[in-house]
file upload32.cif (mmCIF, C-alpha atoms and all ligand atoms)
data_work
loop_
_atom_site.label_atom_id
_atom_site.label_comp_id
_atom_site.auth_asym_id
_atom_site.auth_seq_id
_atom_site.Cartn_x
_atom_site.Cartn_y
_atom_site.Cartn_z
CA MET C 150 -14.54 39.70 5.31
CA CYS C 151 -13.67 37.43 2.37
CA TYR C 152 -13.70 38.49 -1.28
CA GLY C 153 -13.66 35.58 -3.74
CA THR C 154 -15.61 32.52 -4.70
CA VAL C 155 -17.90 30.87 -2.17
CA VAL C 156 -15.67 27.76 -2.15
CA ARG C 157 -12.52 29.80 -1.51
CA CYS C 158 -14.22 31.80 1.27
CA LEU C 159 -15.56 28.61 2.82
CA PHE C 160 -12.08 27.08 2.71
CA LEU C 161 -10.56 30.17 4.34
CA PHE C 162 -13.26 30.13 7.02
CA ILE C 163 -12.64 26.47 7.84
CA ALA C 164 -8.85 26.94 7.78
CA THR C 165 -8.88 29.97 10.11
CA SER C 166 -11.40 28.28 12.41
CA ALA C 167 -9.15 25.24 12.64
CA ILE C 168 -6.21 27.43 13.64
CA ALA C 169 -8.29 29.49 16.05
CA GLN C 170 -9.56 26.38 17.77
CA ASN C 171 -6.28 24.61 18.18
CA CYS C 172 -5.70 23.45 21.76
CA THR C 173 -3.20 20.90 23.01
CA THR C 174 -2.77 18.99 26.27
CA ALA C 175 0.44 17.70 27.90
CA PRO C 176 1.73 15.32 29.15
CA ALA C 177 0.31 12.61 26.89
CA ARG C 178 -0.38 10.29 29.83
CA PRO C 179 -0.89 12.21 33.07
CA LYS C 180 -1.00 10.44 36.41
CA GLN C 181 -2.91 11.14 39.61
CA GLY C 182 -1.39 14.27 41.22
CA ASP C 183 -0.07 15.64 37.92
CA VAL C 184 -0.90 18.94 36.23
CA ILE C 185 -2.21 18.85 32.66
CA ARG C 186 -0.98 21.87 30.69
CA LEU C 187 -3.58 23.23 28.34
CA THR C 188 -2.35 25.47 25.53
CA CYS C 189 -4.69 27.17 23.08
CA SER C 190 -4.07 29.55 20.22
CA GLY C 191 -7.67 30.74 19.90
CA ASP C 192 -10.17 32.58 22.07
CA VAL C 193 -10.55 29.81 24.63
CA THR C 194 -10.59 31.33 28.13
CA SER C 195 -11.41 28.36 30.37
CA ALA C 196 -11.48 24.58 30.45
CA ARG C 197 -13.47 21.99 32.34
CA MET C 198 -12.73 18.41 33.40
CA ASN C 199 -14.98 16.26 35.56
CA GLY C 200 -16.93 19.35 36.69
CA PHE C 201 -13.81 21.34 37.65
CA THR C 202 -13.24 24.57 35.69
CA ILE C 203 -9.97 26.48 35.37
CA ARG C 204 -8.97 29.67 33.55
CA LEU C 205 -6.55 29.95 30.64
CA PHE C 206 -4.36 33.06 30.79
CA PRO C 207 -2.67 34.92 27.92
CA HIS C 208 0.97 33.93 27.59
CA GLN C 209 3.80 36.01 26.12
CA ASP C 210 4.09 33.67 23.11
CA GLY C 211 0.56 34.69 22.08
CA ASN C 212 -1.10 31.46 23.24
CA ARG C 213 -3.24 30.95 26.30
CA LEU C 214 -2.11 28.60 29.04
CA GLY C 215 -4.14 26.84 31.72
CA LEU C 216 -3.12 24.37 34.42
CA MET C 217 -5.59 21.56 35.08
CA PRO C 218 -4.74 19.72 38.30
CA VAL C 219 -5.47 16.00 38.61
CA THR C 220 -6.42 15.20 42.20
CA VAL C 221 -4.49 12.54 44.11
CA ASP C 222 -7.56 10.30 44.22
CA GLU C 223 -8.95 10.89 40.72
CA LYS C 224 -10.16 7.53 39.44
CA PRO C 225 -7.85 6.32 36.65
CA GLY C 226 -9.58 6.34 33.27
CA ILE C 227 -10.53 8.47 30.30
CA TYR C 228 -11.74 12.03 30.91
CA ALA C 229 -12.95 14.70 28.52
CA ILE C 230 -11.37 18.14 28.81
CA GLU C 231 -13.77 20.71 27.38
CA PHE C 232 -12.37 24.02 26.19
CA LEU C 233 -14.73 26.98 26.62
CA THR C 234 -14.97 30.42 25.08
CA ALA C 235 -15.60 33.59 27.11
CA LYS C 236 -19.32 32.95 26.53
CA SER C 237 -18.95 29.48 28.09
CA ILE C 238 -19.55 27.74 24.78
CA VAL C 239 -17.70 24.45 24.34
CA ASN C 240 -15.21 25.12 21.54
CA GLN C 241 -13.62 21.67 21.47
CA SER C 242 -13.13 18.60 23.60
CA HIS C 243 -10.06 16.39 24.08
CA ASN C 244 -9.93 13.00 25.77
CA VAL C 245 -7.10 12.37 28.22
CA THR C 246 -6.26 9.10 29.95
CA ILE C 247 -5.33 9.47 33.61
CA ALA C 248 -3.08 6.73 34.94
CA ASP C 249 -2.86 5.28 38.44
CA ALA C 250 0.17 6.72 40.27
CA HIS C 251 0.28 3.72 42.67
CA PHE C 252 0.84 5.79 45.79
CA LEU C 253 2.13 3.88 48.81
CA SER C 254 1.12 4.08 52.47
CA GLN C 255 3.33 5.44 55.22
CA ASN C 256 3.06 5.21 58.99
CA ILE C 257 4.21 8.11 61.11
CA VAL C 258 4.97 7.44 64.76
CA LEU C 259 3.81 10.40 66.80
CA GLY C 260 4.39 10.87 70.53
CA LYS C 261 1.34 11.56 72.70
CA GLN C 262 1.91 15.30 72.68
CA LEU C 263 2.13 15.56 68.88
CA ALA C 264 -0.75 13.13 68.34
CA GLU C 265 -3.03 15.25 70.53
CA LEU C 266 -1.96 18.59 69.10
CA GLN C 267 -4.96 20.67 68.03
CA PRO C 268 -4.95 23.23 65.19
CA SER C 269 -4.77 26.92 65.99
CA LEU C 270 -8.03 28.84 65.79
CA GLY C 271 -8.72 29.35 62.07
CA GLU C 272 -5.58 27.44 60.98
CA TYR C 273 -7.27 25.26 58.35
CA ASP C 274 -9.42 28.17 57.09
CA THR C 275 -6.37 30.40 56.66
CA VAL C 276 -4.55 27.78 54.58
CA ALA C 277 -7.73 26.94 52.62
CA LYS C 278 -8.15 30.63 51.71
CA PHE C 279 -4.49 30.96 50.76
CA LYS C 280 -4.58 28.11 48.25
CA GLN C 281 -7.63 29.58 46.50
CA ILE C 282 -5.83 32.84 45.65
CA LEU C 283 -6.07 33.58 41.94
CA THR C 284 -4.15 36.60 40.67
CA GLU C 285 -3.82 37.66 37.04
CA ASP C 286 -0.06 38.23 36.71
CA ARG C 287 2.16 35.24 36.15
CA ARG C 288 5.14 35.60 38.48
CA TRP C 289 6.54 32.11 37.97
CA ALA C 290 8.95 30.87 35.35
CA GLU C 291 10.48 27.44 34.88
CA PRO C 292 12.54 25.71 35.99
CA PHE C 293 11.55 25.97 39.64
CA LEU C 294 14.29 25.95 42.24
CA PRO C 295 14.04 23.18 44.86
CA PRO C 296 13.52 25.11 48.15
CA VAL C 297 16.31 23.08 49.83
CA PRO C 298 18.77 20.62 48.24
CA GLY C 299 18.00 17.65 50.55
CA CYS C 300 16.68 14.26 49.41
CA ILE C 301 13.03 13.23 49.79
CA THR C 302 12.08 11.42 52.99
CA SER C 303 8.37 11.29 52.16
CA PRO C 304 6.92 11.74 48.68
CA TYR C 305 3.64 13.30 47.63
CA GLY C 306 0.53 11.15 47.61
CA VAL C 307 1.32 8.53 50.25
CA HIS C 308 -1.63 7.48 52.38
CA ARG C 309 -0.83 8.53 55.90
CA LEU C 310 -1.23 6.48 59.05
CA HIS C 311 -0.54 7.94 62.46
CA ASN C 312 0.67 5.34 64.94
CA GLY C 313 -0.71 2.59 62.70
CA LYS C 314 -4.19 4.12 62.37
CA PRO C 315 -5.29 5.34 58.91
CA THR C 316 -5.89 9.10 59.03
CA GLY C 317 -7.96 9.13 55.83
CA ASN C 318 -5.52 11.78 54.60
CA TYR C 319 -2.69 11.65 52.15
CA HIS C 320 0.61 13.49 52.06
CA THR C 321 -0.15 16.69 50.18
CA GLY C 322 3.47 17.72 49.59
CA LEU C 323 7.08 16.64 49.79
CA ASP C 324 9.26 16.16 52.86
CA GLN C 325 12.94 16.90 52.30
CA ARG C 326 15.77 16.09 54.67
CA THR C 327 17.15 19.40 55.94
CA PRO C 328 19.18 20.22 59.03
CA ALA C 329 17.67 22.86 61.33
CA GLY C 330 18.71 26.40 60.48
CA LYS C 331 19.32 25.82 56.75
CA PRO C 332 17.75 28.48 54.49
CA ILE C 333 14.50 27.69 52.70
CA ARG C 334 14.23 29.44 49.35
CA ALA C 335 11.33 30.49 47.11
CA ILE C 336 10.87 28.06 44.21
CA ALA C 337 9.83 30.96 41.94
CA GLY C 338 8.95 34.65 42.15
CA GLY C 339 5.76 35.90 43.77
CA ASP C 340 4.16 37.64 46.72
CA VAL C 341 4.13 36.35 50.29
CA ARG C 342 0.47 36.00 51.23
CA LEU C 343 0.84 33.86 54.34
CA ALA C 344 3.49 34.19 57.06
CA GLY C 345 2.88 33.15 60.65
CA HIS C 346 2.83 30.47 63.31
CA PHE C 347 0.23 27.70 63.53
CA ASN C 348 -0.05 24.78 65.96
CA LEU C 349 0.09 22.03 63.29
CA HIS C 350 1.84 23.73 60.35
CA GLY C 351 4.36 25.44 62.63
CA ASN C 352 6.09 28.54 61.29
CA THR C 353 4.73 28.79 57.77
CA VAL C 354 5.24 30.88 54.64
CA GLY C 355 2.95 30.82 51.60
CA VAL C 356 3.82 32.44 48.27
CA ASP C 357 1.38 33.33 45.49
CA HIS C 358 3.16 32.88 42.14
CA GLY C 359 0.21 34.08 40.05
CA GLN C 360 -2.35 32.54 37.69
CA GLY C 361 -3.46 29.92 40.21
CA LEU C 362 -0.08 28.63 41.39
CA GLU C 363 0.98 28.80 45.06
CA SER C 364 3.65 27.20 47.23
CA ILE C 365 3.71 26.77 51.01
CA TYR C 366 6.61 25.87 53.34
CA LEU C 367 6.08 24.48 56.86
CA HIS C 368 7.74 23.70 60.20
CA MET C 369 10.36 26.48 59.96
CA SER C 370 12.42 27.48 63.00
CA GLN C 371 12.26 31.13 61.95
CA LEU C 372 10.63 33.26 59.24
CA ALA C 373 12.63 35.65 57.07
CA VAL C 374 9.68 37.35 55.31
CA LYS C 375 6.34 38.86 56.22
CA ASP C 376 2.91 38.97 54.63
CA GLY C 377 2.95 41.29 51.59
CA ASP C 378 6.67 40.93 50.78
CA THR C 379 7.63 40.39 47.15
CA VAL C 380 10.15 37.60 46.55
CA ASN C 381 12.25 36.44 43.64
CA ARG C 382 13.21 32.86 42.83
CA GLY C 383 15.83 31.77 45.39
CA ASP C 384 15.08 34.41 48.03
CA VAL C 385 15.26 33.11 51.60
CA LEU C 386 11.78 32.70 53.12
CA GLY C 387 12.89 31.29 56.47
CA TYR C 388 15.01 28.63 58.12
CA ALA C 389 14.38 24.90 58.53
CA GLY C 390 13.10 23.62 61.83
CA SER C 391 10.64 21.29 63.50
CA THR C 392 7.82 23.55 64.70
CA GLY C 393 4.20 22.36 64.63
CA ARG C 394 3.33 18.69 64.11
CA SER C 395 6.79 17.52 63.12
CA THR C 396 8.92 14.75 64.55
CA ALA C 397 12.36 16.07 63.46
CA PRO C 398 13.82 19.00 61.50
CA HIS C 399 12.78 18.77 57.84
CA LEU C 400 11.04 20.84 55.21
CA HIS C 401 7.51 20.00 54.18
CA TRP C 402 6.32 22.00 51.19
CA ASN C 403 3.30 21.91 48.90
CA LEU C 404 2.53 23.09 45.44
CA TYR C 405 -1.07 24.15 44.78
CA VAL C 406 -2.51 24.52 41.31
CA ASN C 407 -5.92 26.14 41.16
CA GLY C 408 -6.46 25.17 44.80
CA ILE C 409 -5.46 21.50 44.44
CA PRO C 410 -2.23 20.09 45.98
CA VAL C 411 -0.23 18.53 43.15
CA ASN C 412 2.94 16.46 42.89
CA PRO C 413 5.96 18.84 42.97
CA LEU C 414 8.11 16.16 41.30
CA GLN C 415 6.50 17.04 37.98
CA TRP C 416 8.14 20.48 38.40
CA VAL C 417 11.43 19.90 40.26
CA SER C 418 13.86 17.05 40.10
CA LEU C 419 14.81 15.57 43.49
CA LYS C 420 16.02 12.17 44.56
CA PRO C 421 14.58 9.96 47.29
CA CYS C 422 16.87 9.47 50.29
CA ALA C 423 18.85 6.22 50.30
CA LYS C 424 17.03 5.32 53.50
CA PRO C 425 13.50 6.61 52.98
CA ALA C 426 11.01 6.79 55.82
CA LYS C 427 9.54 3.33 56.45
CA HIS C 428 6.70 2.37 54.10
CA ARG C 429 4.00 -0.16 54.84
ZN ZN C 501 5.21 16.37 55.09
#
call {"tool": "encode", "arguments": {"input": "upload32.cif", "output": "structure tokens", "more": "lines below"}}
Ligand SMILES: [Zn+2]
result
Amino acid sequence: MCYGTVVRCLFLFIATSAIAQNCTTAPARPKQGDVIRLTCSGDVTSARMNGFTIRLFPHQDGNRLGLMPVTVDEKPGIYAIEFLTAKSIVNQSHNVTIADAHFLSQNIVLGKQLAELQPSLGEYDTVAKFKQILTEDRRWAEPFLPPVPGCITSPYGVHRLHNGKPTGNYHTGLDQRTPAGKPIRAIAGGDVRLAGHFNLHGNTVGVDHGQGLESIYLHMSQLAVKDGDTVNRGDVLGYAGSTGRSTAPHLHWNLYVNGIPVNPLQWVSLKPCAKPAKHR
């Protein structure tokens, strides 16, 4: 309620509306595979870009925060991010320019046995369900801990060829050089929601960090946790190995944001190996 002149009340209404509707996006120039952070101080509860809708969750600083993933193959250009109220009314719209990340191609030489390896029954479905988990409580805090200290042998986003033939797939995570048996640690706190052996992924652990963020760790020699365990940042999830479709001991891990694999290098700082895997 406002008591005063019409002009004063109108001014107050406009001023409070402007504050209530204030949303920001970061970074200023996101690339393919990045996450756009959406922060709003008003009653915005979701946001939409290119037909993809995500939720914004209350944050301890009083704002709401949402993570909009940019897919690896999103066409570079200008996109509108629409911010929606609980009643799905568009409250405001911001334009963002998505830049080309210029991902390279990489050939992987697989022996006959690895090339012909078939997924376990339900393997893809299990992982697909895991990455869609959306829990209310935020269990993650920044900075994230790199799961192992090793350099990067294969970055996110490279187009993958197997024995010279394009697979049509891209590398959805990071490969880090890691000797077999080295501990693999949780990048942030959360709940283990996937722990088991699969033909292609090998021994795998998946952690739900809350509010649409998950991480998954593959090819382990041994698991150290089970489904349902709660972990803190830095807890050991398992030990590096070369199980599943893997040519040598290493860690492959992915970061999922609202179901989309995104580039972990926006979240952790790691260097490429001096001798990276061969690109072509
Ligand atoms: Zn990999």
call {"tool": "residues_near_ligand", "arguments": {"input": "upload32.cif", "ligand": "ligand ZN 501 (chain C)", "cutoff": "9 Å", "atoms": "only C-alpha atoms and all ligand atoms", "output": "short mmCIF file (atom, residue, chain, number, x, y, z; two decimals) with C-alpha atoms, in the coordinates of the input"}}
result
data_model
loop_
_atom_site.label_atom_id
_atom_site.label_comp_id
_atom_site.auth_asym_id
_atom_site.auth_seq_id
_atom_site.Cartn_x
_atom_site.Cartn_y
_atom_site.Cartn_z
CA THR C 302 12.08 11.42 52.99
CA SER C 303 8.37 11.29 52.16
CA PRO C 304 6.92 11.74 48.68
CA TYR C 305 3.64 13.30 47.63
CA HIS C 320 0.61 13.49 52.06
CA THR C 321 -0.15 16.69 50.18
CA GLY C 322 3.47 17.72 49.59
CA LEU C 323 7.08 16.64 49.79
CA ASP C 324 9.26 16.16 52.86
CA GLN C 325 12.94 16.90 52.30
CA LEU C 367 6.08 24.48 56.86
CA SER C 395 6.79 17.52 63.12
CA HIS C 399 12.78 18.77 57.84
CA LEU C 400 11.04 20.84 55.21
CA HIS C 401 7.51 20.00 54.18
CA TRP C 402 6.32 22.00 51.19
CA ASN C 403 3.30 21.91 48.90
#
call {"tool": "closest_residue", "arguments": {"input": "upload32.cif", "among": "C:Arg178, C:Lys261, C:Arg342, C:His243", "to": "Arg197 of chain C", "atoms": "only C-alpha atoms"}}
result
C:His243
call {"tool": "atom_distance", "arguments": {"input": "upload32.cif", "atom1": "atom CA of Gly361 of chain C", "atom2": "atom CA of Leu283 of chain C"}}
result
4.8 Å
call {"tool": "closest_residue", "arguments": {"input": "upload32.cif", "among": "C:Gly215, C:Gly317, C:Gly226, C:Gly339", "to": "Arg382 of chain C", "atoms": "only C-alpha atoms"}}
result
C:Gly339
call {"tool": "residues_around", "arguments": {"input": "upload32.cif", "residues": "Thr379 of chain C", "least_positions_apart": "5", "cutoff": "8 Å", "atoms": "only C-alpha atoms", "output": "ChimeraX atom specification"}}
result
/C:338-341
call {"tool": "closest_residue", "arguments": {"input": "upload32.cif", "among": "C:Lys280, C:Lys420, C:Arg288, C:Arg334", "to": "Gln360 of chain C", "atoms": "only C-alpha atoms"}}
result
C:Arg288
call {"tool": "axis_aligned_box", "arguments": {"input": "upload32.cif", "around": "segment 404-412 of chain C", "padding_each_side": "4 Å", "output": "AutoDock Vina command-line options"}}
result
--center_x -1.8 --center_y 21.3 --center_z 43.6 --size_x 17.4 --size_y 17.7 --size_z 12.8
call {"tool": "residues_around", "arguments": {"input": "upload32.cif", "residues": "Gly182 of chain C", "least_positions_apart": "4", "cutoff": "6 Å", "atoms": "only C-alpha atoms", "output": "list in words"}}
result
Val219, Thr220, Val221, Val411 and Asn412 of chain C
call {"tool": "write_last_selection", "arguments": {"input": "upload32.cif", "atoms": "C-alpha atoms", "output": "JSON list (two decimals), in the coordinates of the input"}}
result
[["chain", "number", "residue", "atom", "x", "y", "z"],
["C", 219, "VAL", "CA", -5.47, 16.00, 38.61],
["C", 220, "THR", "CA", -6.42, 15.20, 42.20],
["C", 221, "VAL", "CA", -4.49, 12.54, 44.11],
["C", 411, "VAL", "CA", -0.23, 18.53, 43.15],
["C", 412, "ASN", "CA", 2.94, 16.46, 42.89]]
call {"tool": "closest_residue", "arguments": {"input": "upload32.cif", "among": "C:Leu266, C:Ser195, C:Asp210, C:Ser254", "to": "Arg309 of chain C", "atoms": "all atoms listed in the file"}}
result
C:Ser254
call {"tool": "atom_distance", "arguments": {"input": "upload32.cif", "atom1": "atom CA of His251 of chain C", "atom2": "atom CA of Arg186 of chain C"}}
result
21.8 Å
call {"tool": "closest_residue", "arguments": {"input": "upload32.cif", "among": "C:Gly408, C:Gly355, C:Gly191, C:Gly390", "to": "Pro218 of chain C", "atoms": "only C-alpha atoms"}}
result
C:Gly408
call {"tool": "atom_distance", "arguments": {"input": "upload32.cif", "atom1": "atom CA of Ile247 of chain C", "atom2": "atom CA of Asn171 of chain C"}}
result
21.6 Å
call {"tool": "residues_around", "arguments": {"input": "upload32.cif", "residues": "Met217 of chain C", "least_positions_apart": "3", "cutoff": "9 Å", "atoms": "only C-alpha atoms", "output": "ChimeraX atom specification"}}
result
/C:183-187,196-198,201-204,406-407
call {"tool": "write_last_selection", "arguments": {"input": "upload32.cif", "atoms": "C-alpha atoms", "output": "PDB file, in the coordinates of the input"}}
result
ATOM      1  CA  ASP C 183      -0.070  15.640  37.920  1.00  0.00           C
ATOM      2  CA  VAL C 184      -0.900  18.940  36.230  1.00  0.00           C
ATOM      3  CA  ILE C 185      -2.210  18.850  32.660  1.00  0.00           C
ATOM      4  CA  ARG C 186      -0.980  21.870  30.690  1.00  0.00           C
ATOM      5  CA  LEU C 187      -3.580  23.230  28.340  1.00  0.00           C
ATOM      6  CA  ALA C 196     -11.480  24.580  30.450  1.00  0.00           C
ATOM      7  CA  ARG C 197     -13.470  21.990  32.340  1.00  0.00           C
ATOM      8  CA  MET C 198     -12.730  18.410  33.400  1.00  0.00           C
ATOM      9  CA  PHE C 201     -13.810  21.340  37.650  1.00  0.00           C
ATOM     10  CA  THR C 202     -13.240  24.570  35.690  1.00  0.00           C
ATOM     11  CA  ILE C 203      -9.970  26.480  35.370  1.00  0.00           C
ATOM     12  CA  ARG C 204      -8.970  29.670  33.550  1.00  0.00           C
ATOM     13  CA  VAL C 406      -2.510  24.520  41.310  1.00  0.00           C
ATOM     14  CA  ASN C 407      -5.920  26.140  41.160  1.00  0.00           C
TER      15      ASN C 407
END
call {"tool": "residues_around", "arguments": {"input": "upload32.cif", "residues": "segment 294-300 of chain C", "least_positions_apart": "6", "cutoff": "8 Å", "atoms": "all atoms listed in the file", "output": "JSON, numbers by chain"}}
result
{"C": [325, 326, 327, 332, 333, 334, 335, 336, 337, 382, 383, 400, 417, 418, 419, 420, 421, 422]}
call {"tool": "closest_residue", "arguments": {"input": "upload32.cif", "among": "C:Asn256, C:Thr234, C:Thr353, C:Ser370", "to": "Asn318 of chain C", "atoms": "only C-alpha atoms"}}
result
C:Asn256
call {"tool": "residues_near_point", "arguments": {"input": "upload32.cif", "point": "(2.6, 25.3, 65.9)", "cutoff": "10 Å", "atoms": "only C-alpha atoms", "output": "CSV table (one decimal) with C-alpha atoms, in the frame of the given file"}}
result
chain,number,residue,atom,x,y,z
C,266,LEU,CA,-2.0,18.6,69.1
C,267,GLN,CA,-5.0,20.7,68.0
C,268,PRO,CA,-5.0,23.2,65.2
C,269,SER,CA,-4.8,26.9,66.0
C,272,GLU,CA,-5.6,27.4,61.0
C,345,GLY,CA,2.9,33.2,60.6
C,346,HIS,CA,2.8,30.5,63.3
C,347,PHE,CA,0.2,27.7,63.5
C,348,ASN,CA,0.0,24.8,66.0
C,349,LEU,CA,0.1,22.0,63.3
C,350,HIS,CA,1.8,23.7,60.4
C,351,GLY,CA,4.4,25.4,62.6
C,352,ASN,CA,6.1,28.5,61.3
C,353,THR,CA,4.7,28.8,57.8
C,367,LEU,CA,6.1,24.5,56.9
C,368,HIS,CA,7.7,23.7,60.2
C,369,MET,CA,10.4,26.5,60.0
C,391,SER,CA,10.6,21.3,63.5
C,392,THR,CA,7.8,23.6,64.7
C,393,GLY,CA,4.2,22.4,64.6
C,394,ARG,CA,3.3,18.7,64.1
C,395,SER,CA,6.8,17.5,63.1
call {"tool": "residues_around", "arguments": {"input": "upload32.cif", "residues": "His208 of chain C", "least_positions_apart": "3", "cutoff": "10 Å", "atoms": "all atoms listed in the file", "output": "number ranges by chain"}}
result
C: 188-190, 205, 211-215, 287
call {"tool": "write_last_selection", "arguments": {"input": "upload32.cif", "atoms": "C-alpha atoms", "output": "PDB file, in the coordinates of the input"}}
result
ATOM      1  CA  THR C 188      -2.350  25.470  25.530  1.00  0.00           C
ATOM      2  CA  CYS C 189      -4.690  27.170  23.080  1.00  0.00           C
ATOM      3  CA  SER C 190      -4.070  29.550  20.220  1.00  0.00           C
ATOM      4  CA  LEU C 205      -6.550  29.950  30.640  1.00  0.00           C
ATOM      5  CA  GLY C 211       0.560  34.690  22.080  1.00  0.00           C
ATOM      6  CA  ASN C 212      -1.100  31.460  23.240  1.00  0.00           C
ATOM      7  CA  ARG C 213      -3.240  30.950  26.300  1.00  0.00           C
ATOM      8  CA  LEU C 214      -2.110  28.600  29.040  1.00  0.00           C
ATOM      9  CA  GLY C 215      -4.140  26.840  31.720  1.00  0.00           C
ATOM     10  CA  ARG C 287       2.160  35.240  36.150  1.00  0.00           C
TER      11      ARG C 287
END
call {"tool": "build_atoms", "arguments": {"input": "upload32.cif", "residues": "segment 345-363 of chain C", "atoms": "N, CA and C atoms", "output": "PDB file, in the frame of the given file"}}
result
ATOM      1  N   GLY C 345       3.272  33.142  59.244  1.00  0.00           N
ATOM      2  CA  GLY C 345       2.880  33.150  60.650  1.00  0.00           C
ATOM      3  C   GLY C 345       3.087  31.803  61.292  1.00  0.00           C
ATOM      4  N   HIS C 346       2.686  31.715  62.563  1.00  0.00           N
ATOM      5  CA  HIS C 346       2.830  30.470  63.310  1.00  0.00           C
ATOM      6  C   HIS C 346       1.473  29.801  63.506  1.00  0.00           C
ATOM      7  N   PHE C 347       1.440  28.487  63.304  1.00  0.00           N
ATOM      8  CA  PHE C 347       0.230  27.700  63.530  1.00  0.00           C
ATOM      9  C   PHE C 347       0.608  26.450  64.312  1.00  0.00           C
ATOM     10  N   ASN C 348      -0.353  25.932  65.096  1.00  0.00           N
ATOM     11  CA  ASN C 348      -0.050  24.780  65.960  1.00  0.00           C
ATOM     12  C   ASN C 348       0.413  23.554  65.168  1.00  0.00           C
ATOM     13  N   LEU C 349      -0.259  23.234  64.053  1.00  0.00           N
ATOM     14  CA  LEU C 349       0.090  22.030  63.290  1.00  0.00           C
ATOM     15  C   LEU C 349       1.124  22.316  62.198  1.00  0.00           C
ATOM     16  N   HIS C 350       0.920  23.387  61.445  1.00  0.00           N
ATOM     17  CA  HIS C 350       1.840  23.730  60.350  1.00  0.00           C
ATOM     18  C   HIS C 350       3.161  24.301  60.863  1.00  0.00           C
ATOM     19  N   GLY C 351       3.169  24.779  62.098  1.00  0.00           N
ATOM     20  CA  GLY C 351       4.360  25.440  62.630  1.00  0.00           C
ATOM     21  C   GLY C 351       4.565  26.793  61.970  1.00  0.00           C
ATOM     22  N   ASN C 352       5.801  27.273  61.967  1.00  0.00           N
ATOM     23  CA  ASN C 352       6.090  28.540  61.290  1.00  0.00           C
ATOM     24  C   ASN C 352       6.007  28.310  59.787  1.00  0.00           C
ATOM     25  N   THR C 353       5.133  29.081  59.149  1.00  0.00           N
ATOM     26  CA  THR C 353       4.730  28.790  57.770  1.00  0.00           C
ATOM     27  C   THR C 353       4.822  30.023  56.883  1.00  0.00           C
ATOM     28  N   VAL C 354       5.264  29.804  55.646  1.00  0.00           N
ATOM     29  CA  VAL C 354       5.240  30.880  54.640  1.00  0.00           C
ATOM     30  C   VAL C 354       4.522  30.342  53.405  1.00  0.00           C
ATOM     31  N   GLY C 355       3.640  31.160  52.844  1.00  0.00           N
ATOM     32  CA  GLY C 355       2.950  30.820  51.600  1.00  0.00           C
ATOM     33  C   GLY C 355       3.191  31.903  50.571  1.00  0.00           C
ATOM     34  N   VAL C 356       3.523  31.479  49.341  1.00  0.00           N
ATOM     35  CA  VAL C 356       3.820  32.440  48.270  1.00  0.00           C
ATOM     36  C   VAL C 356       2.827  32.240  47.124  1.00  0.00           C
ATOM     37  N   ASP C 357       2.243  33.347  46.676  1.00  0.00           N
ATOM     38  CA  ASP C 357       1.380  33.330  45.490  1.00  0.00           C
ATOM     39  C   ASP C 357       2.251  33.640  44.279  1.00  0.00           C
ATOM     40  N   HIS C 358       2.319  32.697  43.338  1.00  0.00           N
ATOM     41  CA  HIS C 358       3.160  32.880  42.140  1.00  0.00           C
ATOM     42  C   HIS C 358       2.343  33.386  40.942  1.00  0.00           C
ATOM     43  N   GLY C 359       1.045  33.528  41.121  1.00  0.00           N
ATOM     44  CA  GLY C 359       0.210  34.080  40.050  1.00  0.00           C
ATOM     45  C   GLY C 359      -0.439  33.019  39.182  1.00  0.00           C
ATOM     46  N   GLN C 360      -1.590  33.378  38.633  1.00  0.00           N
ATOM     47  CA  GLN C 360      -2.350  32.540  37.690  1.00  0.00           C
ATOM     48  C   GLN C 360      -2.669  31.156  38.268  1.00  0.00           C
ATOM     49  N   GLY C 361      -2.967  31.147  39.576  1.00  0.00           N
ATOM     50  CA  GLY C 361      -3.460  29.920  40.210  1.00  0.00           C
ATOM     51  C   GLY C 361      -2.409  29.020  40.793  1.00  0.00           C
ATOM     52  N   LEU C 362      -1.150  29.483  40.857  1.00  0.00           N
ATOM     53  CA  LEU C 362      -0.080  28.630  41.390  1.00  0.00           C
ATOM     54  C   LEU C 362       0.456  29.201  42.701  1.00  0.00           C
ATOM     55  N   GLU C 363       0.463  28.387  43.751  1.00  0.00           N
ATOM     56  CA  GLU C 363       0.980  28.800  45.060  1.00  0.00           C
ATOM     57  C   GLU C 363       1.901  27.733  45.625  1.00  0.00           C
TER      58      GLU C 363
END
